file protein_39.cif (mmCIF, C-alpha atoms)
data_entry
#
loop_
_atom_site.label_atom_id
_atom_site.label_comp_id
_atom_site.auth_asym_id
_atom_site.auth_seq_id
_atom_site.Cartn_x
_atom_site.Cartn_y
_atom_site.Cartn_z
CA MET A 3 -58.85 -63.72 -143.15
CA ASN A 4 -56.52 -63.10 -146.05
CA LEU A 5 -55.02 -65.47 -148.55
CA THR A 6 -51.62 -65.69 -146.84
CA VAL A 7 -53.21 -66.99 -143.65
CA LEU A 8 -55.15 -69.57 -145.62
CA ILE A 9 -52.06 -70.81 -147.46
CA VAL A 10 -49.90 -70.91 -144.34
CA GLN A 11 -52.58 -72.78 -142.41
CA ALA A 12 -53.16 -75.25 -145.23
CA VAL A 13 -49.47 -76.02 -145.81
CA THR A 14 -48.52 -76.27 -142.14
CA SER A 15 -51.49 -78.45 -141.24
CA PHE A 16 -50.71 -80.81 -144.13
CA LEU A 17 -47.06 -81.03 -143.11
CA ALA A 18 -47.81 -81.43 -139.42
CA THR A 19 -50.34 -84.21 -140.00
CA ALA A 20 -48.12 -86.07 -142.45
CA ALA A 21 -45.14 -85.72 -140.09
CA PHE A 22 -47.20 -87.28 -137.34
CA GLY A 23 -47.94 -90.13 -139.69
CA ILE A 24 -44.19 -90.69 -139.97
CA ILE A 25 -43.87 -90.87 -136.18
CA TYR A 26 -46.67 -93.47 -136.18
CA ASN A 27 -44.96 -95.46 -138.99
CA ILE A 28 -47.82 -95.12 -141.45
CA PRO A 29 -46.85 -96.38 -144.95
CA ARG A 30 -46.27 -93.75 -147.66
CA ARG A 31 -49.56 -93.66 -149.57
CA PRO A 32 -51.91 -93.48 -146.60
CA LEU A 33 -49.50 -90.91 -145.17
CA ILE A 34 -50.28 -88.46 -147.98
CA HIS A 35 -54.01 -89.17 -147.84
CA GLY A 36 -53.97 -88.76 -144.05
CA GLY A 37 -52.19 -85.43 -144.50
CA LEU A 38 -54.89 -84.24 -146.88
CA ILE A 39 -57.63 -85.30 -144.46
CA GLY A 40 -55.83 -83.51 -141.64
CA MET A 41 -55.52 -80.38 -143.76
CA VAL A 42 -59.21 -80.28 -144.68
CA ALA A 43 -60.24 -80.90 -141.07
CA TRP A 44 -57.91 -78.25 -139.70
CA LEU A 45 -59.13 -75.63 -142.19
CA ILE A 46 -62.71 -76.42 -141.17
CA TYR A 47 -61.77 -76.08 -137.52
CA PHE A 48 -59.79 -72.91 -138.08
CA PHE A 49 -62.47 -71.03 -140.00
CA LEU A 50 -65.40 -72.32 -137.99
CA TYR A 51 -63.64 -71.29 -134.78
CA GLY A 52 -62.70 -67.94 -136.21
CA TRP A 53 -66.23 -67.38 -137.45
CA SER A 54 -68.25 -68.56 -134.47
CA GLY A 55 -65.77 -68.50 -131.60
CA ASN A 56 -67.18 -71.81 -130.36
CA ASP A 57 -64.36 -74.31 -130.13
CA PHE A 58 -66.64 -77.16 -129.10
CA ALA A 59 -68.65 -76.95 -132.34
CA ALA A 60 -65.51 -76.43 -134.43
CA THR A 61 -63.81 -79.48 -132.88
CA PHE A 62 -66.92 -81.59 -133.35
CA ALA A 63 -67.30 -80.60 -137.01
CA ALA A 64 -63.63 -81.21 -137.79
CA SER A 65 -63.50 -84.64 -136.17
CA PHE A 66 -66.76 -85.54 -137.91
CA VAL A 67 -65.15 -84.73 -141.26
CA ILE A 68 -62.01 -86.69 -140.34
CA ALA A 69 -64.02 -89.81 -139.52
CA LEU A 70 -66.18 -89.55 -142.62
CA LEU A 71 -63.25 -89.03 -145.02
CA SER A 72 -61.26 -91.78 -143.26
CA GLN A 73 -64.11 -94.24 -143.76
CA ILE A 74 -64.29 -93.38 -147.44
CA PHE A 75 -60.51 -93.64 -147.97
CA ALA A 76 -60.30 -96.85 -145.94
CA ARG A 77 -63.01 -98.46 -148.02
CA ARG A 78 -61.51 -97.26 -151.27
CA PHE A 79 -57.91 -98.31 -150.57
CA LYS A 80 -58.62 -101.31 -148.32
CA ASN A 81 -56.63 -100.10 -145.32
CA PRO A 82 -57.62 -99.85 -141.66
CA VAL A 83 -59.50 -96.63 -140.84
CA ILE A 84 -57.03 -95.76 -138.09
CA VAL A 85 -54.16 -95.03 -140.50
CA TYR A 86 -56.21 -92.20 -141.99
CA SER A 87 -57.86 -90.81 -138.88
CA VAL A 88 -55.12 -91.00 -136.27
CA SER A 89 -52.89 -88.13 -137.33
CA GLY A 90 -55.74 -85.86 -138.40
CA ILE A 91 -57.04 -85.84 -134.84
CA ILE A 92 -53.76 -84.55 -133.39
CA PRO A 93 -54.18 -80.82 -134.16
CA LEU A 94 -57.67 -80.90 -132.63
CA VAL A 95 -56.46 -82.37 -129.35
CA PRO A 96 -56.48 -79.65 -126.71
CA GLY A 97 -52.74 -79.93 -126.11
CA GLY A 98 -52.26 -76.23 -125.56
CA LEU A 99 -55.09 -76.23 -123.06
CA THR A 100 -53.60 -79.19 -121.21
CA TYR A 101 -50.31 -77.34 -121.08
CA THR A 102 -52.03 -74.29 -119.61
CA VAL A 103 -53.71 -76.51 -117.01
CA MET A 104 -50.34 -77.83 -115.85
CA SER A 105 -48.64 -74.44 -115.91
CA ARG A 106 -51.46 -72.96 -113.79
CA ALA A 107 -51.42 -75.88 -111.37
CA VAL A 108 -47.72 -75.53 -110.60
CA VAL A 109 -48.16 -71.90 -109.59
CA ASP A 110 -50.96 -72.87 -107.18
CA GLN A 111 -53.84 -71.51 -109.25
CA TYR A 112 -55.81 -74.71 -108.75
CA SER A 113 -59.32 -73.43 -109.39
CA LEU A 114 -58.32 -71.97 -112.75
CA ALA A 115 -56.45 -75.19 -113.59
CA LEU A 116 -59.48 -77.30 -112.72
CA HIS A 117 -61.74 -75.08 -114.78
CA LEU A 118 -59.49 -75.42 -117.83
CA ALA A 119 -59.06 -79.17 -117.27
CA GLU A 120 -62.82 -79.60 -117.49
CA LYS A 121 -62.81 -77.70 -120.72
CA ALA A 122 -60.04 -79.92 -122.11
CA PHE A 123 -62.04 -82.97 -121.09
CA VAL A 124 -65.17 -81.69 -122.85
CA LEU A 125 -63.15 -80.97 -126.00
CA SER A 126 -61.80 -84.55 -126.03
CA GLY A 127 -65.40 -85.65 -125.70
CA ALA A 128 -66.28 -83.49 -128.71
CA ILE A 129 -63.61 -85.26 -130.77
CA ALA A 130 -64.90 -88.68 -129.75
CA MET A 131 -68.52 -87.68 -130.39
CA GLY A 132 -67.65 -86.34 -133.83
CA LEU A 133 -65.93 -89.61 -134.71
CA ILE A 134 -68.84 -91.72 -133.45
CA PHE A 135 -71.48 -89.54 -135.07
CA ALA A 136 -69.80 -89.84 -138.48
CA GLU A 137 -69.48 -93.56 -138.06
CA VAL A 138 -73.12 -94.09 -137.19
CA LEU A 139 -74.17 -92.02 -140.20
CA TYR A 140 -71.83 -94.06 -142.37
CA GLN A 141 -73.28 -97.31 -141.03
CA ILE A 142 -76.81 -96.14 -141.75
CA PHE A 143 -75.78 -95.11 -145.24
CA LYS A 144 -74.12 -98.47 -145.80
CA LYS A 145 -77.21 -100.29 -144.61
CA ARG A 146 -79.46 -98.34 -146.95
CA HIS A 147 -77.35 -98.23 -150.08
CA LEU A 148 -74.74 -100.91 -150.16
CA SER A 149 -75.09 -104.59 -150.73
CA ASN A 150 -73.41 -105.69 -147.53
CA PRO A 151 -75.35 -104.10 -144.68
CA GLY A 152 -73.87 -103.99 -141.20
CA LYS A 153 -76.07 -103.69 -138.18
CA VAL A 154 -76.13 -100.13 -136.83
CA GLY A 155 -74.48 -99.89 -133.45
CA GLU A 156 -73.09 -103.38 -133.61
CA GLY A 157 -70.15 -102.58 -131.39
CA ILE A 158 -68.77 -99.27 -132.41
CA SER A 159 -67.99 -100.78 -135.69
CA MET A 160 -65.98 -97.99 -137.21
CA PHE A 161 -63.19 -100.37 -138.05
CA LYS A 162 -65.14 -103.31 -139.34
CA LYS A 163 -65.38 -103.62 -143.03
CA MET B 22 -45.24 -121.01 -130.48
CA ASN B 23 -43.55 -124.38 -130.37
CA GLY B 24 -44.59 -127.40 -132.33
CA PHE B 25 -46.44 -125.54 -135.02
CA GLN B 26 -47.05 -128.05 -137.79
CA GLY B 27 -49.42 -126.38 -140.17
CA SER B 28 -50.24 -129.76 -141.55
CA TYR B 29 -53.49 -130.64 -139.83
CA SER B 30 -56.61 -130.74 -141.82
CA MET B 31 -60.03 -130.23 -140.35
CA ASN B 32 -61.08 -133.86 -140.43
CA GLU B 33 -57.83 -135.54 -139.46
CA ASN B 34 -57.24 -134.05 -136.07
CA LYS B 35 -59.77 -131.57 -134.83
CA THR B 36 -58.02 -130.59 -131.64
CA GLY B 37 -54.67 -130.08 -133.32
CA PHE B 38 -56.32 -127.98 -136.00
CA ALA B 39 -58.08 -125.85 -133.41
CA HIS B 40 -54.79 -125.31 -131.57
CA GLU B 41 -53.10 -124.07 -134.70
CA VAL B 42 -55.98 -121.76 -135.61
CA ALA B 43 -55.80 -120.40 -132.07
CA ALA B 44 -52.04 -119.87 -132.43
CA ILE B 45 -52.56 -117.84 -135.59
CA CYS B 46 -55.39 -115.79 -134.13
CA VAL B 47 -53.46 -114.98 -130.97
CA LEU B 48 -50.34 -114.02 -132.90
CA ALA B 49 -52.35 -111.70 -135.14
CA GLY B 50 -54.05 -110.19 -132.09
CA LYS B 51 -50.74 -109.71 -130.32
CA ILE B 52 -49.19 -107.87 -133.26
CA LEU B 53 -52.25 -105.64 -133.60
CA LEU B 54 -52.44 -104.81 -129.91
CA GLN B 55 -48.71 -104.12 -129.54
CA ASN B 56 -48.71 -101.72 -132.45
CA GLY B 57 -51.61 -99.46 -131.66
CA ALA B 58 -54.80 -101.01 -133.06
CA GLU B 59 -58.02 -100.43 -131.15
CA THR B 60 -59.51 -103.02 -128.85
CA PHE B 61 -62.52 -103.86 -130.98
CA ARG B 62 -60.41 -104.16 -134.11
CA VAL B 63 -58.17 -106.68 -132.39
CA GLU B 64 -61.12 -108.76 -131.18
CA ASP B 65 -62.86 -108.51 -134.52
CA THR B 66 -59.80 -109.55 -136.52
CA MET B 67 -59.14 -112.55 -134.28
CA ASN B 68 -62.74 -113.77 -134.52
CA ARG B 69 -62.77 -113.18 -138.24
CA ILE B 70 -59.61 -115.20 -138.87
CA ALA B 71 -61.02 -118.04 -136.76
CA ARG B 72 -64.27 -117.97 -138.70
CA ASN B 73 -62.40 -118.08 -141.99
CA PHE B 74 -60.75 -121.30 -140.86
CA SER B 75 -64.27 -122.54 -140.12
CA VAL B 76 -63.93 -122.27 -136.36
CA ASN B 77 -67.15 -120.55 -135.43
CA GLU B 78 -67.17 -120.78 -131.65
CA ALA B 79 -64.21 -118.49 -130.99
CA GLN B 80 -64.32 -115.96 -128.17
CA SER B 81 -61.74 -113.29 -127.54
CA PHE B 82 -61.22 -110.88 -124.70
CA VAL B 83 -58.72 -108.10 -125.23
CA THR B 84 -57.39 -105.59 -122.73
CA PRO B 85 -54.35 -103.33 -123.18
CA THR B 86 -52.24 -105.72 -121.10
CA GLY B 87 -53.33 -109.11 -122.34
CA ILE B 88 -55.37 -111.25 -124.70
CA ILE B 89 -57.50 -114.27 -123.83
CA PHE B 90 -58.63 -116.33 -126.78
CA SER B 91 -60.66 -119.47 -126.54
CA ILE B 92 -62.48 -121.87 -128.83
CA GLU B 93 -65.47 -123.08 -126.92
CA ASP B 94 -66.10 -126.73 -127.54
CA ARG B 95 -62.54 -127.78 -128.34
CA ASP B 96 -60.96 -127.00 -124.94
CA VAL B 97 -58.53 -124.59 -126.53
CA THR B 98 -57.64 -121.47 -124.59
CA GLN B 99 -54.65 -119.22 -125.00
CA LEU B 100 -53.49 -116.32 -122.91
CA VAL B 101 -50.95 -113.75 -124.04
CA ARG B 102 -49.52 -111.09 -121.80
CA ILE B 103 -48.71 -107.78 -123.51
CA THR B 104 -46.03 -105.82 -121.70
CA HIS B 105 -45.07 -103.05 -124.07
CA ARG B 106 -47.12 -101.17 -126.59
CA GLY B 107 -46.06 -98.73 -129.27
CA THR B 108 -47.48 -97.26 -132.42
CA ASN B 109 -46.38 -98.88 -135.65
CA LEU B 110 -49.38 -98.64 -137.93
CA ARG B 111 -47.59 -100.33 -140.81
CA LYS B 112 -47.80 -103.64 -138.95
CA VAL B 113 -51.49 -103.02 -138.31
CA THR B 114 -51.99 -102.41 -142.03
CA GLN B 115 -50.07 -105.58 -142.90
CA VAL B 116 -52.06 -107.76 -140.52
CA ASN B 117 -55.21 -106.21 -141.96
CA SER B 118 -54.25 -107.19 -145.52
CA LEU B 119 -53.21 -110.63 -144.33
CA SER B 120 -56.61 -111.14 -142.75
CA ARG B 121 -58.17 -110.14 -146.07
CA LEU B 122 -56.11 -112.77 -147.87
CA ILE B 123 -57.20 -115.38 -145.35
CA ALA B 124 -60.81 -114.34 -145.87
CA GLU B 125 -60.39 -114.87 -149.58
CA GLY B 126 -59.15 -118.37 -148.84
CA GLU B 127 -55.74 -117.74 -150.37
CA LEU B 128 -53.63 -118.67 -147.38
CA GLY B 129 -53.26 -121.97 -145.59
CA LEU B 130 -52.47 -122.33 -141.91
CA SER B 131 -48.71 -122.67 -142.14
CA GLU B 132 -48.33 -119.92 -144.74
CA ALA B 133 -50.44 -117.53 -142.64
CA TYR B 134 -48.38 -118.32 -139.56
CA ARG B 135 -45.10 -117.80 -141.40
CA ARG B 136 -46.22 -114.43 -142.77
CA LEU B 137 -47.43 -113.27 -139.36
CA LYS B 138 -44.03 -114.12 -137.89
CA GLU B 139 -42.42 -112.10 -140.67
CA ILE B 140 -44.63 -109.11 -139.89
CA GLU B 141 -43.82 -109.42 -136.20
CA ARG B 142 -40.09 -109.35 -136.90
CA SER B 143 -40.18 -106.46 -139.37
CA ASP B 144 -38.76 -103.13 -138.32
CA HIS B 145 -39.94 -99.51 -138.42
CA VAL B 146 -40.68 -98.01 -141.83
CA TYR B 147 -38.77 -94.85 -141.23
CA PRO B 148 -35.32 -94.68 -139.60
CA ASN B 149 -34.86 -92.70 -136.39
CA TRP B 150 -33.42 -89.59 -137.99
CA ILE B 151 -36.45 -89.22 -140.25
CA GLN B 152 -38.72 -89.57 -137.23
CA ILE B 153 -36.74 -86.89 -135.40
CA VAL B 154 -36.89 -84.52 -138.39
CA ALA B 155 -40.63 -85.26 -138.70
CA ALA B 156 -41.26 -84.41 -135.06
CA ALA B 157 -39.20 -81.23 -135.42
CA ALA B 158 -41.11 -80.18 -138.55
CA ALA B 159 -44.44 -81.01 -136.92
CA SER B 160 -43.50 -78.86 -133.92
CA SER B 161 -42.78 -75.75 -135.94
CA CYS B 162 -45.86 -76.38 -138.11
CA PHE B 163 -48.01 -76.59 -134.98
CA LEU B 164 -46.51 -73.34 -133.76
CA LEU B 165 -47.59 -71.64 -136.99
CA MET B 166 -51.00 -73.31 -136.91
CA PHE B 167 -51.59 -71.92 -133.43
CA LEU B 168 -50.77 -68.46 -134.84
CA GLY B 169 -47.29 -68.23 -133.39
CA LYS B 170 -44.68 -65.87 -134.77
CA TRP B 171 -42.39 -66.90 -137.63
CA GLU B 172 -39.24 -66.21 -135.61
CA ASP B 173 -40.34 -68.82 -133.06
CA ALA B 174 -40.45 -71.57 -135.66
CA LEU B 175 -36.72 -72.33 -135.33
CA PRO B 176 -36.70 -72.77 -131.52
CA ALA B 177 -39.79 -74.97 -131.82
CA PHE B 178 -38.09 -77.00 -134.56
CA ILE B 179 -35.04 -77.63 -132.39
CA ALA B 180 -37.02 -78.29 -129.22
CA GLY B 181 -39.37 -80.71 -130.99
CA GLY B 182 -36.50 -82.60 -132.62
CA VAL B 183 -34.55 -82.87 -129.38
CA GLY B 184 -37.74 -83.98 -127.63
CA GLN B 185 -38.32 -86.81 -130.09
CA ALA B 186 -34.64 -87.84 -130.01
CA GLY B 187 -34.88 -87.85 -126.21
CA THR B 188 -38.02 -90.00 -126.33
CA ILE B 189 -36.31 -92.57 -128.56
CA TYR B 190 -33.12 -92.55 -126.49
CA PHE B 191 -34.69 -92.74 -123.02
CA HIS B 192 -37.13 -95.36 -124.19
CA ARG B 193 -34.20 -97.50 -125.24
CA LEU B 194 -32.42 -96.78 -121.97
CA THR B 195 -35.18 -98.00 -119.70
CA LYS B 196 -38.59 -99.56 -120.14
CA VAL B 197 -39.97 -97.68 -117.13
CA LYS B 198 -43.20 -96.09 -118.29
CA PHE B 199 -43.55 -92.31 -118.37
CA PHE B 200 -39.83 -91.78 -117.77
CA SER B 201 -38.97 -91.00 -121.39
CA GLU B 202 -41.88 -88.57 -121.71
CA PHE B 203 -40.86 -86.89 -118.48
CA MET B 204 -37.20 -86.47 -119.44
CA SER B 205 -37.99 -85.31 -122.97
CA SER B 206 -40.43 -82.71 -121.77
CA ILE B 207 -37.78 -81.37 -119.39
CA LEU B 208 -35.43 -81.07 -122.38
CA ILE B 209 -38.11 -79.32 -124.45
CA GLY B 210 -38.87 -76.90 -121.63
CA LEU B 211 -35.20 -76.10 -121.07
CA ILE B 212 -34.56 -75.44 -124.76
CA ALA B 213 -37.62 -73.20 -124.97
CA VAL B 214 -36.62 -71.22 -121.86
CA LEU B 215 -33.04 -70.91 -123.13
CA SER B 216 -34.14 -69.74 -126.58
CA VAL B 217 -36.26 -66.99 -125.08
CA LYS B 218 -33.43 -65.99 -122.71
CA ILE B 219 -30.90 -65.57 -125.52
CA GLY B 220 -33.46 -63.77 -127.63
CA ALA B 221 -33.95 -66.36 -130.36
CA GLY B 222 -37.59 -66.86 -129.43
CA SER B 223 -40.29 -64.55 -128.18
CA GLU B 224 -43.39 -66.40 -127.02
CA LEU B 225 -42.38 -69.11 -124.54
CA ASN B 226 -45.86 -70.65 -124.27
CA LYS B 227 -46.36 -71.15 -127.98
CA ILE B 228 -42.89 -72.66 -128.46
CA ILE B 229 -43.51 -75.16 -125.67
CA ILE B 230 -47.02 -76.05 -126.89
CA GLY B 231 -45.77 -76.65 -130.43
CA ALA B 232 -42.77 -78.72 -129.37
CA VAL B 233 -44.65 -80.78 -126.82
CA MET B 234 -47.37 -81.88 -129.26
CA PRO B 235 -45.55 -85.10 -130.30
CA LEU B 236 -45.56 -86.17 -126.64
CA VAL B 237 -49.14 -85.28 -125.75
CA PRO B 238 -51.24 -88.48 -125.52
CA GLY B 239 -54.06 -87.05 -127.61
CA VAL B 240 -54.79 -90.17 -129.59
CA ALA B 241 -54.63 -92.28 -126.44
CA ILE B 242 -57.27 -90.11 -124.75
CA THR B 243 -59.56 -90.15 -127.79
CA ASN B 244 -59.19 -93.91 -128.20
CA ALA B 245 -59.90 -94.41 -124.51
CA VAL B 246 -63.16 -92.48 -124.75
CA ARG B 247 -64.10 -94.41 -127.88
CA ASP B 248 -63.31 -97.76 -126.25
CA VAL B 249 -65.61 -96.92 -123.37
CA MET B 250 -68.36 -95.94 -125.79
CA ALA B 251 -67.87 -99.18 -127.72
CA GLY B 252 -68.43 -101.15 -124.53
CA ASP B 253 -64.80 -102.13 -123.92
CA LEU B 254 -64.93 -100.71 -120.43
CA VAL B 255 -61.80 -102.37 -119.05
CA SER B 256 -59.64 -101.22 -121.96
CA GLY B 257 -61.13 -97.75 -121.98
CA LEU B 258 -60.53 -97.11 -118.31
CA SER B 259 -57.01 -98.51 -118.26
CA LYS B 260 -56.09 -96.54 -121.38
CA SER B 261 -57.39 -93.34 -119.85
CA ALA B 262 -55.34 -93.99 -116.73
CA GLU B 263 -52.24 -94.47 -118.86
CA ALA B 264 -52.96 -91.39 -120.95
CA GLY B 265 -53.62 -89.33 -117.83
CA LEU B 266 -50.31 -90.36 -116.28
CA THR B 267 -48.46 -89.58 -119.53
CA ALA B 268 -50.04 -86.11 -119.58
CA PHE B 269 -48.95 -85.64 -115.97
CA ALA B 270 -45.40 -86.75 -116.76
CA VAL B 271 -45.21 -84.24 -119.60
CA GLY B 272 -46.80 -81.49 -117.55
CA ILE B 273 -44.55 -81.96 -114.53
CA GLY B 274 -41.49 -82.09 -116.78
CA ILE B 275 -42.43 -78.79 -118.39
CA ALA B 276 -43.21 -77.30 -114.99
CA LEU B 277 -39.76 -78.32 -113.72
CA ALA B 278 -38.09 -76.71 -116.71
CA LEU B 279 -40.18 -73.55 -116.28
CA SER B 280 -38.84 -73.14 -112.76
CA PHE B 281 -35.51 -72.19 -114.36
CA ASN B 282 -37.23 -69.31 -116.11
#

call {"tool": "encode", "arguments": {"input": "protein_39.cif", "output": "structure tokens"}}
result
Amino acid sequence: MNLTVLIVQAVTSFLATAAFGIIYNIPRRPLIHGGLIGMVAWLIYFFLYGWSGNDFAATFAASFVIALLSQIFARRFKNPVIVYSVSGIIPLVPGGLTYTVMSRAVVDQYSLALHLAEKAFVLSGAIAMGLIFAEVLYQIFKKRHLSNPGKVGEGISMFKK
Amino acid sequence: MNGFQGSYSMNENKTGFAHEVAAICVLAGKILLQNGAETFRVEDTMNRIARNFSVNEAQSFVTPTGIIFSIEDRDVTQLVRITHRGTNLRKVTQVNSLSRLIAEGELGLSEAYRRLKEIERSDHVYPNWIQIVAAAAASSCFLLMFLGKWEDALPAFIAGGVGQAGTIYFHRLTKVKFFSEFMSSILIGLIAVLSVKIGAGSELNKIIIGAVMPLVPGVAITNAVRDVMAGDLVSGLSKSAEAGLTAFAVGIGIALALSFN
């Protein structure tokens, strides 16, 4: 891993995440913050994947960080959590894998396609688990340390403030 | 909503008051649901607004295609059918701040209703051309993030931009679901194949993956899983069906284009 790779990855992931925010009509300030969250998460994913080769763990860690940072930003700037988390998730989504599934399926390699589809499904699960895990931790923290405790597991209350 | 007066007070006319609170709650819920908020946020916001107008017996049931809102002992029930959904998170943010203002007791019934109507009417933050440029830029950035080659960034840029323009255009042309995704992915695939044929691009797969990212229903799938985990089973399952069909539309479109390769 050299410095050029790091810079290219950081800049492109920031731009890609912020650009997705534009497609989702996110207002300007959360757009920049969302881009930063997306950048941090992608760098974590990129280096964890490169280091361990385990994309499940890398995806989980990155989405965990997205959810945690989004909670903090949402609380600080009084915006819904979704405007911070939504575009950061995009690079983690196994889009390339889904594409490979379809391209295998149309050339009649169904067993390979099915195998990859299961993997894509598990990776989406990893994203969701990372988000939920961060949120439960945040709820517990809030209950312990802040004046207005919410009940842990009361709905999946990521977006209640 | 016809006949909205905004002039009832709690003691004067309890049923009329409850009707107007219900109208505000349902309108807020409708805006949230149509613009990409999650199921439990919609339900939570509606109940919260009702509680802030001291209506404590409110119940809401939200699915991707409709909202049922009812106030138990006042015989008030409203049903709203949601036919089209998009993602405009600015409106979600605005409704969120409005609900904060209501919680602080700074807005009366009629003022809240008027502001919600304003939010509902407001347009996109960014004009179409900016959205197209954003999708194009995102596509080439994704290509580089997935360790594609620099020379492929331009084909991905063009394919992603054309894909987004196609999505906007076909969506305006017809409201048939999945059609715009299908047509745009055909366009993306054709541009990618063409660029490799004329030598402008080298890795076909990476170009297509980068350019197709704005169409992939990644957020929809993640939200669906999260809805199921939050206990909103109906929403979760219907959202996953929708996301699955979108993924199929994109996949088949790409596959069709690849047959020209």

call {"tool": "resolve_selection", "arguments": {"input": "protein_39.cif", "expression": "the PyMOL selection byres ((chain A) within 6 of (chain B))", "output": "MDAnalysis selection string"}}
result
chainID A and resid 11 14 18 21 25:29 95 98 104 130 157:158

call {"tool": "resolve_selection", "arguments": {"input": "protein_39.cif", "expression": "the PyMOL selection byres ((chain A and resi 7) around 12)", "output": "list in words"}}
result
Met3, Asn4, Leu5, Thr6, Leu8, Ile9, Val10, Gln11, Ala12, Val13, Thr14, Ser15, Leu45, Phe48 and Phe49 of chain A; Leu165, Met166, Phe167, Leu168 and Gly169 of chain B

call {"tool": "write_last_selection", "arguments": {"input": "protein_39.cif", "atoms": "C-alpha atoms", "output": "mmCIF file, in the frame of the given file"}}
result
data_model
loop_
_atom_site.group_PDB
_atom_site.id
_atom_site.type_symbol
_atom_site.label_atom_id
_atom_site.label_comp_id
_atom_site.auth_asym_id
_atom_site.auth_seq_id
_atom_site.Cartn_x
_atom_site.Cartn_y
_atom_site.Cartn_z
ATOM 1 C CA MET A 3 -58.850 -63.720 -143.150
ATOM 2 C CA ASN A 4 -56.520 -63.100 -146.050
ATOM 3 C CA LEU A 5 -55.020 -65.470 -148.550
ATOM 4 C CA THR A 6 -51.620 -65.690 -146.840
ATOM 5 C CA LEU A 8 -55.150 -69.570 -145.620
ATOM 6 C CA ILE A 9 -52.060 -70.810 -147.460
ATOM 7 C CA VAL A 10 -49.900 -70.910 -144.340
ATOM 8 C CA GLN A 11 -52.580 -72.780 -142.410
ATOM 9 C CA ALA A 12 -53.160 -75.250 -145.230
ATOM 10 C CA VAL A 13 -49.470 -76.020 -145.810
ATOM 11 C CA THR A 14 -48.520 -76.270 -142.140
ATOM 12 C CA SER A 15 -51.490 -78.450 -141.240
ATOM 13 C CA LEU A 45 -59.130 -75.630 -142.190
ATOM 14 C CA PHE A 48 -59.790 -72.910 -138.080
ATOM 15 C CA PHE A 49 -62.470 -71.030 -140.000
ATOM 16 C CA LEU B 165 -47.590 -71.640 -136.990
ATOM 17 C CA MET B 166 -51.000 -73.310 -136.910
ATOM 18 C CA PHE B 167 -51.590 -71.920 -133.430
ATOM 19 C CA LEU B 168 -50.770 -68.460 -134.840
ATOM 20 C CA GLY B 169 -47.290 -68.230 -133.390
#

call {"tool": "axis_aligned_box", "arguments": {"input": "protein_39.cif", "around": "segment 113-121 of chain A", "padding_each_side": "6 Å", "output": "AutoDock Vina command-line options"}}
result
--center_x -59.6 --center_y -75.8 --center_z -115.1 --size_x 18.4 --size_y 19.6 --size_z 23.3

call {"tool": "resolve_selection", "arguments": {"input": "protein_39.cif", "expression": "the PyMOL selection byres ((chain A and resi 89) around 6)", "output": "list in words"}}
result
Thr19, Phe22, Gly23, Ser87, Val88, Gly90, Ile91 and Ile92 of chain A

call {"tool": "residues_around", "arguments": {"input": "protein_39.cif", "residues": "Lys121 of chain A", "least_positions_apart": "3", "cutoff": "10 Å", "atoms": "all atoms listed in the file", "output": "list in words"}}
result
Phe58, Pro96, Leu99, Thr100, Val103, Ala115, Leu116, His117, Leu118, Val124, Leu125, Ser126 and Gly127 of chain A

call {"tool": "atom_distance", "arguments": {"input": "protein_39.cif", "atom1": "atom CA of Thr267 of chain B", "atom2": "atom CA of Phe281 of chain B"}}
result
22.3 Å

call {"tool": "atom_distance", "arguments": {"input": "protein_39.cif", "atom1": "atom CA of Tyr112 of chain A", "atom2": "atom CA of Glu263 of chain B"}}
result
22.5 Å

call {"tool": "atom_distance", "arguments": {"input": "protein_39.cif", "atom1": "atom CA of Leu254 of chain B", "atom2": "atom CA of Thr60 of chain B"}}
result
10.3 Å

call {"tool": "residues_around", "arguments": {"input": "protein_39.cif", "residues": "Tyr51 of chain A", "least_positions_apart": "5", "cutoff": "7 Å", "atoms": "only C-alpha atoms", "output": "list in words"}}
result
Asn56, Asp57 and Ala60 of chain A

call {"tool": "residues_around", "arguments": {"input": "protein_39.cif", "residues": "Asn68 of chain B", "least_positions_apart": "4", "cutoff": "12 Å", "atoms": "only C-alpha atoms", "output": "ChimeraX atom specification"}}
result
/A:162 /B:42-43,45-47,49-50,61-64,72-83,89-92,120,124

call {"tool": "closest_residue", "arguments": {"input": "protein_39.cif", "among": "A:Trp53, A:Phe62, A:Phe75, A:Phe143", "to": "Ile39 of chain A", "atoms": "all atoms listed in the file"}}
result
A:Phe75

call {"tool": "closest_residue", "arguments": {"input": "protein_39.cif", "among": "A:Leu114, A:Lys145, A:His35, A:Tyr140", "to": "Phe79 of chain A", "atoms": "only C-alpha atoms"}}
result
A:His35
